[in-house]
Amino acid sequence: QVQLVESGGGLVQPGGSLRLSCAASGNFSSILIMGWYRQAPGNQREFVAMVYSNGLTHYADSVKGRFTASRDNDRNMEFLQMNSLKPEDTAVYYCNAVSAGRGYWGRGTQVTVSS
């Protein structure tokens with residue numbers, strides 16, 4: 001089992017930055033993939049970014065060049081640095097982890113981009 005807790009969300013003006021964190025805990029040996037997804041009101045949850053255990057990253061086209069995902073394997077944490085934020089980035093951001101063939105989700109953190 002993996003428990004995930006996100007933090008770092010909030011209200012930011014367009015063009016601003018936020019850094020999200022996700023802490024993983026529980027009884028597990030390793031986490032293969034840690035990722036970020038988001039869901040805006042009225043929309044389906046969508047992929048944002050992911051980081052493999054070897055550091056390889058993958059991003060949605062909508063955030064490439066603005067968002068950077070990273071992880072600290074020793075502390076079982078994942079981060080999402082979000083720069084040049086736009087109003088359309090407003091959503092609840094969820095941390096995701098894949099371990100031993102199972103997927104896990106955090107409860108989400110709200111990010112609002114507005115002037």
# chains A, B, ... in the order shown; residues from 1 in each chain; ligands from 1

$ select_by_dssp --residues "region 45-90 of chain A" --states "strand (DSSP E)" --output "list of chain:residue names"
A:Glu46, A:Phe47, A:Val48, A:Ala49, A:Met50, A:Val51, A:Tyr52, A:Thr57, A:His58, A:Tyr59, A:Phe67, A:Thr68, A:Ala69, A:Ser70, A:Arg71, A:Asp72, A:Met77, A:Glu78, A:Phe79, A:Leu80, A:Gln81, A:Met82

$ residues_around --residues "His58 (chain A)" --least-positions-apart "5" --cutoff "10 Å" --atoms "only C-alpha atoms" --output "mmCIF file with N, CA and C atoms, in the first residue's frame"
data_model
loop_
_atom_site.group_PDB
_atom_site.id
_atom_site.type_symbol
_atom_site.label_atom_id
_atom_site.label_comp_id
_atom_site.auth_asym_id
_atom_site.auth_seq_id
_atom_site.Cartn_x
_atom_site.Cartn_y
_atom_site.Cartn_z
ATOM 1 N N GLY A 35 3.681 10.417 -10.770
ATOM 2 C CA GLY A 35 3.159 11.334 -11.769
ATOM 3 C C GLY A 35 2.228 12.371 -11.180
ATOM 4 N N PHE A 47 -3.534 13.910 -17.740
ATOM 5 C CA PHE A 47 -2.124 13.718 -17.425
ATOM 6 C C PHE A 47 -1.380 15.047 -17.514
ATOM 7 N N VAL A 48 -0.448 15.257 -16.586
ATOM 8 C CA VAL A 48 0.387 16.455 -16.600
ATOM 9 C C VAL A 48 1.860 16.082 -16.797
ATOM 10 N N ALA A 49 2.378 15.224 -15.924
ATOM 11 C CA ALA A 49 3.798 14.879 -15.986
ATOM 12 C C ALA A 49 4.031 13.587 -15.229
ATOM 13 N N MET A 50 5.149 12.924 -15.539
ATOM 14 C CA MET A 50 5.534 11.740 -14.786
ATOM 15 C C MET A 50 7.047 11.629 -14.733
ATOM 16 N N VAL A 51 7.523 10.972 -13.681
ATOM 17 C CA VAL A 51 8.947 10.750 -13.486
ATOM 18 C C VAL A 51 9.161 9.277 -13.154
ATOM 19 N N TYR A 52 9.997 8.615 -13.950
ATOM 20 C CA TYR A 52 10.336 7.231 -13.650
ATOM 21 C C TYR A 52 11.401 7.188 -12.553
ATOM 22 N N LYS A 64 4.766 21.534 -21.367
ATOM 23 C CA LYS A 64 6.179 21.434 -21.731
ATOM 24 C C LYS A 64 6.830 22.810 -21.761
ATOM 25 N N THR A 68 8.245 21.452 -14.476
ATOM 26 C CA THR A 68 9.341 20.499 -14.315
ATOM 27 C C THR A 68 9.019 19.552 -13.176
ATOM 28 N N ALA A 69 8.998 18.264 -13.491
ATOM 29 C CA ALA A 69 8.740 17.236 -12.485
ATOM 30 C C ALA A 69 10.065 16.624 -12.038
#

$ residues_around --residues "Gly10 (chain A)" --least-positions-apart "5" --cutoff "9 Å" --atoms "only C-alpha atoms" --output "ChimeraX atom specification"
/A:18,109-113

$ write_last_selection --atoms "C-alpha atoms" --output "short mmCIF file (atom, residue, chain, number, x, y, z; two decimals), in the first residue's frame"
data_model
loop_
_atom_site.label_atom_id
_atom_site.label_comp_id
_atom_site.auth_asym_id
_atom_site.auth_seq_id
_atom_site.Cartn_x
_atom_site.Cartn_y
_atom_site.Cartn_z
CA LEU A 18 4.11 27.36 -7.60
CA THR A 109 -4.35 20.06 -3.98
CA GLN A 110 -6.10 23.06 -5.53
CA VAL A 111 -4.18 25.37 -7.84
CA THR A 112 -5.94 28.57 -8.89
CA VAL A 113 -4.39 30.96 -11.39
#

$ residues_around --residues "Ala97 (chain A)" --least-positions-apart "2" --cutoff "10 Å" --atoms "only C-alpha atoms" --output "PyMOL selection string"
chain A and resi 2-4+22+24+31-36+50-52+78+95+99+101-106

$ atom_distance --atom1 "CA of Ser70 (chain A)" --atom2 "CA of Val12 (chain A)"
21.3 Å
